[in-house]
Structures are given as C-alpha cells and as structure tokens.
>>> print(open('run37.txt').read())   # compact mmCIF, C-alpha atoms
# COMPACT_ATOMS: atom_id res chain seq x y z
CA MET A 1 48.37 180.52 -72.40
CA ASN A 2 45.10 182.32 -71.89
CA CYS A 3 44.25 181.90 -68.14
CA SER A 4 42.28 183.44 -65.25
CA THR A 5 42.76 182.96 -61.48
CA ILE A 6 40.20 183.72 -58.80
CA SER A 7 39.72 183.23 -55.04
CA SER A 8 36.35 181.89 -53.87
CA THR A 9 34.88 181.07 -50.46
CA VAL A 10 33.84 177.64 -49.22
CA VAL A 11 31.30 177.95 -46.39
CA VAL A 12 31.31 175.17 -43.75
CA SER A 13 28.35 175.36 -41.39
CA ALA A 14 28.13 174.06 -37.86
CA PRO A 15 25.79 171.17 -37.31
CA ALA A 16 22.57 171.73 -35.36
CA ILE A 17 23.09 171.01 -31.66
CA VAL A 18 19.92 170.48 -29.62
CA ALA A 19 19.73 169.86 -25.87
CA VAL A 20 16.29 168.41 -25.08
CA THR A 21 14.53 168.72 -21.72
CA ASP A 22 14.45 165.44 -19.81
CA THR A 23 12.92 163.98 -16.64
CA THR A 24 15.08 161.31 -15.05
CA PRO A 25 13.86 158.06 -13.53
CA SER A 26 13.63 158.62 -9.78
CA VAL A 27 16.59 158.16 -7.46
CA ASN A 28 15.90 157.10 -3.85
CA GLY A 29 16.92 160.07 -1.74
CA LEU A 30 17.90 158.12 1.39
CA PRO A 31 20.98 156.32 -0.03
CA GLY A 32 21.29 158.76 -2.92
CA GLY A 33 22.72 157.67 -6.25
CA THR A 34 23.36 158.69 -9.84
CA THR A 35 20.79 159.52 -12.51
CA THR A 36 20.77 158.48 -16.13
CA ALA A 37 22.48 161.00 -18.42
CA LEU A 38 20.50 164.19 -18.98
CA THR A 39 22.10 164.25 -22.44
CA GLY A 40 20.51 160.93 -23.41
CA ASN A 41 18.01 162.57 -25.73
CA ASP A 42 20.22 165.45 -26.96
CA THR A 43 21.26 165.50 -30.62
CA LEU A 44 24.09 166.77 -32.83
CA ASN A 45 23.26 166.95 -36.52
CA GLY A 46 20.16 164.87 -35.79
CA SER A 47 22.02 161.99 -34.13
CA PRO A 48 22.39 161.26 -30.42
CA VAL A 49 25.28 163.20 -28.92
CA VAL A 50 28.42 161.52 -27.64
CA VAL A 51 29.83 163.25 -24.58
CA GLY A 52 33.61 163.38 -24.68
CA THR A 53 36.66 165.29 -25.84
CA ALA A 54 37.14 163.85 -29.34
CA ALA A 55 36.24 165.56 -32.59
CA GLY A 56 32.51 165.12 -33.19
CA ASN A 57 31.75 164.92 -29.47
CA VAL A 58 30.04 167.43 -27.21
CA GLN A 59 30.96 168.59 -23.74
CA ILE A 60 28.97 169.95 -20.83
CA THR A 61 30.43 173.42 -20.39
CA SER A 62 28.26 174.76 -17.57
CA SER A 63 25.43 173.71 -15.26
CA THR A 64 23.31 174.98 -12.39
CA VAL A 65 21.52 173.05 -9.64
CA PRO A 66 19.16 174.27 -6.90
CA VAL A 67 21.05 176.08 -4.15
CA GLY A 68 21.75 173.83 -1.18
CA SER A 69 20.61 170.68 -2.93
CA GLY A 70 24.08 169.15 -3.10
CA LEU A 71 23.36 167.79 -6.58
CA VAL A 72 26.36 167.59 -8.92
CA VAL A 73 26.21 167.49 -12.72
CA ASN A 74 28.96 165.16 -13.90
CA ALA A 75 31.02 165.44 -17.07
CA ASP A 76 29.18 162.48 -18.61
CA GLY A 77 25.80 164.17 -18.20
CA THR A 78 24.67 162.16 -15.19
CA VAL A 79 23.74 163.84 -11.91
CA THR A 80 24.95 162.67 -8.50
CA VAL A 81 22.29 162.83 -5.78
CA PRO A 82 23.84 162.80 -2.28
CA ALA A 83 22.51 160.59 0.52
CA ASN A 84 19.68 162.04 2.62
CA THR A 85 18.38 164.25 -0.17
CA PRO A 86 14.72 165.23 0.43
CA SER A 87 12.31 163.94 -2.16
CA GLY A 88 11.17 166.30 -4.91
CA ASN A 89 11.68 167.44 -8.49
CA TYR A 90 14.94 169.37 -8.93
CA ALA A 91 15.41 171.71 -11.89
CA VAL A 92 18.91 171.27 -13.35
CA SER A 93 20.15 173.46 -16.22
CA TYR A 94 23.15 172.61 -18.37
CA THR A 95 24.86 173.67 -21.59
CA ILE A 96 26.37 171.35 -24.19
CA CYS A 97 28.86 172.65 -26.76
CA GLU A 98 30.39 170.98 -29.78
CA VAL A 99 34.08 170.07 -29.46
CA ASN A 100 34.72 171.08 -33.09
CA ASN A 101 32.92 174.39 -32.62
CA PRO A 102 33.11 175.47 -28.96
CA LEU A 103 30.68 178.31 -29.60
CA ASN A 104 28.07 175.98 -31.08
CA CYS A 105 26.05 175.33 -27.94
CA SER A 106 22.60 174.56 -26.58
CA THR A 107 21.22 175.13 -23.07
CA ILE A 108 18.26 173.38 -21.47
CA SER A 109 16.62 172.80 -18.08
CA SER A 110 15.74 169.23 -17.12
CA THR A 111 14.20 167.62 -14.05
CA VAL A 112 15.95 165.29 -11.62
CA VAL A 113 13.39 163.27 -9.66
CA VAL A 114 14.28 162.23 -6.10
CA SER A 115 11.89 159.79 -4.41
CA ALA A 116 11.20 159.21 -0.72
CA PRO A 117 12.11 155.82 0.77
CA ALA A 118 9.38 153.44 1.93
CA ILE A 119 8.55 153.93 5.64
CA VAL A 120 6.66 151.12 7.37
CA ALA A 121 5.45 151.07 10.98
CA VAL A 122 4.67 147.47 11.95
CA THR A 123 2.21 146.44 14.67
CA ASP A 124 3.92 145.10 17.78
CA THR A 125 3.04 143.47 21.09
CA THR A 126 5.44 144.37 23.89
CA PRO A 127 6.79 141.99 26.50
CA SER A 128 4.66 142.49 29.61
CA VAL A 129 5.39 145.18 32.19
CA ASN A 130 4.42 144.52 35.82
CA GLY A 131 1.64 146.99 36.55
CA LEU A 132 2.32 147.36 40.29
CA PRO A 133 5.72 149.12 40.09
CA GLY A 134 5.15 150.15 36.48
CA GLY A 135 8.06 150.52 34.10
CA THR A 136 9.07 151.13 30.50
CA THR A 137 8.37 148.90 27.52
CA THR A 138 10.69 147.98 24.72
CA ALA A 139 10.49 150.37 21.75
CA LEU A 140 7.32 149.98 19.69
CA THR A 141 9.48 151.04 16.72
CA GLY A 142 11.76 148.02 17.09
CA ASN A 143 10.33 146.29 14.03
CA ASP A 144 9.61 149.39 11.92
CA THR A 145 11.60 149.94 8.73
CA LEU A 146 12.84 152.75 6.51
CA ASN A 147 13.91 151.71 3.04
CA GLY A 148 13.79 148.11 4.27
CA SER A 149 16.21 148.62 7.17
CA PRO A 150 15.37 149.05 10.88
CA VAL A 151 14.51 152.64 11.71
CA VAL A 152 16.71 154.80 13.90
CA VAL A 153 14.68 157.16 16.07
CA GLY A 154 16.33 160.56 16.37
CA THR A 155 16.70 163.99 14.84
CA ALA A 156 19.56 163.39 12.38
CA ALA A 157 19.21 163.02 8.61
CA GLY A 158 18.13 159.48 7.84
CA ASN A 159 16.35 159.08 11.19
CA VAL A 160 12.63 158.96 11.95
CA GLN A 161 10.65 160.69 14.67
CA ILE A 162 7.44 159.87 16.49
CA THR A 163 5.22 162.80 15.56
CA SER A 164 1.97 161.78 17.28
CA SER A 165 0.53 159.07 19.51
CA THR A 166 -2.66 158.09 21.31
CA VAL A 167 -3.12 155.95 24.42
CA PRO A 168 -6.32 154.76 26.12
CA VAL A 169 -8.02 157.59 28.01
CA GLY A 170 -7.18 157.54 31.71
CA SER A 171 -4.49 154.88 31.35
CA GLY A 172 -1.64 157.23 32.19
CA LEU A 173 0.54 155.56 29.58
CA VAL A 174 3.05 157.86 27.87
CA VAL A 175 4.68 157.24 24.47
CA ASN A 176 8.25 158.50 24.69
CA ALA A 177 10.33 160.11 21.95
CA ASP A 178 12.46 156.96 21.63
CA GLY A 179 9.44 154.75 20.92
CA THR A 180 9.20 153.20 24.36
CA VAL A 181 6.07 153.51 26.50
CA THR A 182 6.10 154.46 30.18
CA VAL A 183 3.62 152.49 32.29
CA PRO A 184 2.88 154.29 35.58
CA ALA A 185 2.86 152.46 38.91
CA ASN A 186 -0.44 150.83 39.92
CA THR A 187 -1.61 150.35 36.32
CA PRO A 188 -4.29 147.63 36.10
CA SER A 189 -3.28 144.59 34.09
CA GLY A 190 -4.52 144.35 30.51
CA ASN A 191 -3.69 144.88 26.85
CA TYR A 192 -3.54 148.57 25.96
CA ALA A 193 -3.90 149.71 22.33
CA VAL A 194 -1.34 152.42 21.58
CA SER A 195 -1.27 154.18 18.19
CA TYR A 196 1.69 156.20 16.94
CA THR A 197 3.00 157.82 13.78
CA ILE A 198 6.60 157.82 12.59
CA CYS A 199 7.81 160.35 10.01
CA GLU A 200 11.10 160.62 8.17
CA VAL A 201 13.37 163.51 9.22
CA ASN A 202 14.42 164.14 5.61
CA ASN A 203 10.80 164.14 4.41
CA PRO A 204 8.48 165.16 7.28
CA LEU A 205 5.40 164.24 5.26
CA ASN A 206 6.66 160.70 4.58
CA CYS A 207 4.93 158.93 7.47
CA SER A 208 3.40 155.68 8.65
CA THR A 209 0.82 155.11 11.42
CA ILE A 210 0.14 151.86 13.30
CA SER A 211 -1.57 150.55 16.44
CA SER A 212 0.41 148.28 18.72
CA THR A 213 -0.33 146.55 22.01
CA VAL A 214 1.26 147.33 25.36
CA VAL A 215 0.85 144.37 27.74
CA VAL A 216 0.59 145.13 31.46
CA SER A 217 0.72 142.12 33.77
CA ALA A 218 -0.69 141.71 37.27
CA PRO A 219 1.80 141.26 40.12
CA ALA A 220 2.00 137.91 41.90
CA ILE A 221 -0.29 137.85 44.95
CA VAL A 222 0.31 135.07 47.48
CA ALA A 223 -1.77 134.36 50.60
CA VAL A 224 0.32 132.16 52.91
CA THR A 225 -1.19 129.76 55.48
CA ASP A 226 -0.72 131.03 59.02
CA THR A 227 -1.22 129.85 62.62
CA THR A 228 -1.97 132.72 64.99
CA PRO A 229 -0.69 133.04 68.51
CA SER A 230 -3.39 131.70 70.85
CA VAL A 231 -6.27 133.86 72.07
CA ASN A 232 -7.78 133.19 75.55
CA GLY A 233 -11.27 131.94 74.77
CA LEU A 234 -12.89 133.08 78.00
CA PRO A 235 -12.58 136.80 77.49
CA GLY A 236 -12.07 136.35 73.75
CA GLY A 237 -9.90 138.76 71.77
CA THR A 238 -8.42 139.56 68.40
CA THR A 239 -5.70 137.66 66.61
CA THR A 240 -2.74 139.08 64.78
CA ALA A 241 -3.50 139.68 61.08
CA LEU A 242 -3.78 136.51 59.03
CA THR A 243 -2.34 138.58 56.16
CA GLY A 244 0.89 139.24 58.00
CA ASN A 245 2.89 136.86 55.86
CA ASP A 246 1.01 137.38 52.62
CA THR A 247 2.86 139.04 49.71
CA LEU A 248 2.13 141.19 46.67
CA ASN A 249 4.87 141.23 44.08
CA GLY A 250 7.16 139.65 46.68
CA SER A 251 6.61 142.34 49.33
CA PRO A 252 4.35 142.20 52.42
CA VAL A 253 0.79 143.19 51.55
CA VAL A 254 -0.81 146.35 52.82
CA VAL A 255 -4.51 145.90 53.49
CA GLY A 256 -6.51 148.95 52.47
CA THR A 257 -8.38 150.70 49.68
CA ALA A 258 -5.55 152.67 48.08
CA ALA A 259 -3.82 151.76 44.85
CA GLY A 260 -1.22 149.10 45.59
CA ASN A 261 -3.16 147.73 48.58
CA VAL A 262 -5.08 144.47 48.89
CA GLN A 263 -8.51 143.81 50.31
CA ILE A 264 -10.08 140.74 51.92
CA THR A 265 -12.99 140.01 49.60
CA SER A 266 -14.36 136.82 51.20
CA SER A 267 -13.75 134.51 54.13
CA THR A 268 -15.13 131.35 55.74
CA VAL A 269 -15.06 130.22 59.36
CA PRO A 270 -16.12 126.88 60.91
CA VAL A 271 -19.90 126.54 61.06
CA GLY A 272 -21.36 127.40 64.48
CA GLN A 273 -18.27 129.29 65.64
CA ASP A 274 -18.10 133.02 65.68
>>> encode(input="run37.txt", output="structure tokens")
Amino acid sequence: MNCSTISSTVVVSAPAIVAVTDTTPSVNGLPGGTTTALTGNDTLNGSPVVVGTAAGNVQITSSTVPVGSGLVVNADGTVTVPANTPSGNYAVSYTICEVNNPLNCSTISSTVVVSAPAIVAVTDTTPSVNGLPGGTTTALTGNDTLNGSPVVVGTAAGNVQITSSTVPVGSGLVVNADGTVTVPANTPSGNYAVSYTICEVNNPLNCSTISSTVVVSAPAIVAVTDTTPSVNGLPGGTTTALTGNDTLNGSPVVVGTAAGNVQITSSTVPVGQD
C-alpha cells in the first residue's frame, strides 16, 4: 500500500452582521409606550436578524440611553418610553452580537422619537357673577383638553399651567393660577373678554391660547312703593326718604355717588303741586 496522510485546515467565516441606524415612529410622551424594534432593519448574512437565543439568532448585548430619560432598551429591540416623557429625539445606542459567534457584533446609534400630546384650550362663557359683591368664576380651563382628556391645572408632570393672561384694561379682573377669574366688588355688568394661555408642564413650549367670556351680571334693584308719615302742610316740611324700603341685591339701598350706591335719576310729582 503506497499512501500519504496530511492534515489540512477548513476555514469557517462568521457571517456579516450589520446594525443599521433607525428612526422610530413617534411615541406620545404623555402616556408613554413602546417603540417598534430598533433591530427591524438590521441584517445577519444579508437577511433580517431574528432576536433570540437560538443558533442563528442575534442578541442585544449592551445599550445606552440619554441620562435621566428613563428609556429602557428591551431584549427584543424595542424601547420602552415611560409616561410623562418630554417630547424630543432621543439617541439610543445598542450592540447586537451573533449567538453562534458572540464576538461577531455590530454597534449603532438610532433615534427614538417622542411626540408631545395635543393641547387644546377651548373658548368658554362662564356662568354669571353678580358684580355688586363680586366673586370667582368657574375655571375657564374646565373644557380644555390634553391628549383628549380634561386638563389638570397644577405643577406636576402631566398637568398644565396658565402661563399668561389678559383682561380688559381697568376691569380689575384677575385670572388665577387654577383657571378661575376673580371679579372685584362693584364691577359693572357686562361680558368681559379674557385671554389666557395654557402650557404643558412636561413640554413648556407645547401651548394653546384662547379668548373666553366672563359674564358679570347686575344686582337686582327694587324700588318699593311707600306711604310717608304725614307732613303738616301749613309750615311744610320734609318727608322720610322714599327710598327707605328700596333694595339693591336684597339689602337696603344707600343713596350716594360711591360705588355700590344708588342715585335718584328722575322723578315726577302731581302737576301744580310743589
């Protein structure tokens, strides 16, 4: 037997693994949510990767998210966005490695897009406030919405704040932090245009401005018929006030020129008698 034996080398190469940068469809930052998989366009040997632990799969071996963002890269390549995340584009880096060849890896930075919720201030007309004592209206923000739900006015995440307001010059009206309007005593009756802006606490530039109407009503004024005590006609004299039993807003009137007073603007007496 004329033979020869030799040892040769068979070279097995690792397949090309390519993580491709991606920009996710936006996730609403108010409720938060989960993105599509960042690995959706990554490839192994030219075919889409399968994330898992089986032979031929890839795994995410490391990731980084912006400090303080609260974002979490999940094992399946998706990213969890927590509730009340401010809107913006978040750079998220991750590394995928082949299960068969744990050192065959690719690292990439992708973008997670977080959107701001819709904020809508809706015009309102308040129930009337009696202008004589004054008072406080219902909240102008009562029908405003954030992400389709009624707004909560406050300073916590997920709340809105009133950041600016205008009232008619000289009216004395004050828009309060809770969305109500203070109407001072002795405010003339009328419809007062009040503008205000609400902005989201999470996203201070996500705002909505509207003009609403504050209704101030006039108090009830009632002149009541009266019969005076008699006056001796020979010397003449002065009666008690005919206004003594008249009322303004249910209280006895005060005749004068100050705010809250009443004035006699006209009168008639029998012809030929004075």
>>> residues_around(input="run37.txt", residues="Leu242 in chain A", least_positions_apart="3", cutoff="10 Å", atoms="only C-alpha atoms", output="number ranges by chain")
A: 223-228, 239, 245-246
>>> closest_residue(input="run37.txt", among="A:Val255, A:Cys105, A:Ile60, A:Met1", to="Ala75 in chain A", atoms="all atoms listed in the file")
A:Ile60
>>> atom_distance(input="run37.txt", atom1="CA of Ala139 in chain A", atom2="CA of Val216 in chain A")
14.8 Å
>>> closest_residue(input="run37.txt", among="A:Asn203, A:Thr53, A:Asn41, A:Thr126", to="Gly158 in chain A", atoms="all atoms listed in the file")
A:Asn203
>>> residues_around(input="run37.txt", residues="Thr24 in chain A", least_positions_apart="6", cutoff="8 Å", atoms="all atoms listed in the file", output="PyMOL selection string")
chain A and resi 35-36+38+111-113
>>> atom_distance(input="run37.txt", atom1="CA of Gly190 in chain A", atom2="CA of Asn130 in chain A")
10.4 Å
>>> closest_residue(input="run37.txt", among="A:Thr34, A:Thr268, A:Asn143, A:Asn159", to="Pro204 in chain A", atoms="only C-alpha atoms")
A:Asn159
>>> residues_around(input="run37.txt", residues="Thr187 in chain A", least_positions_apart="6", cutoff="7 Å", atoms="only C-alpha atoms", output="ChimeraX atom specification")
/A:131-132,134
>>> closest_residue(input="run37.txt", among="A:Ser267, A:Asn84, A:Ser211, A:Asn249", to="Pro133 in chain A", atoms="all atoms listed in the file")
A:Asn249
>>> closest_residue(input="run37.txt", among="A:Asn100, A:Thr64, A:Ser189, A:Asn206", to="Leu146 in chain A", atoms="all atoms listed in the file")
A:Asn206
>>> atom_distance(input="run37.txt", atom1="CA of Asn147 in chain A", atom2="CA of Pro25 in chain A")
17.7 Å
>>> residues_around(input="run37.txt", residues="Thr80 in chain A", least_positions_apart="6", cutoff="8 Å", atoms="only C-alpha atoms", output="tab-separated table (two decimals) with C-alpha atoms, in the frame of the given file")
chain	number	residue	atom	x	y	z
A	32	GLY	CA	21.29	158.76	-2.92
A	33	GLY	CA	22.72	157.67	-6.25
A	34	THR	CA	23.36	158.69	-9.84
A	35	THR	CA	20.79	159.52	-12.51
A	71	LEU	CA	23.36	167.79	-6.58
A	72	VAL	CA	26.36	167.59	-8.92
A	73	VAL	CA	26.21	167.49	-12.72
A	74	ASN	CA	28.96	165.16	-13.90
>>> residues_around(input="run37.txt", residues="Gly88 in chain A", least_positions_apart="2", cutoff="8 Å", atoms="only C-alpha atoms", output="number ranges by chain")
A: 86, 90, 113-115
>>> closest_residue(input="run37.txt", among="A:Ser69, A:Asn101, A:Thr166, A:Thr141", to="Asn57 in chain A", atoms="only C-alpha atoms")
A:Asn101
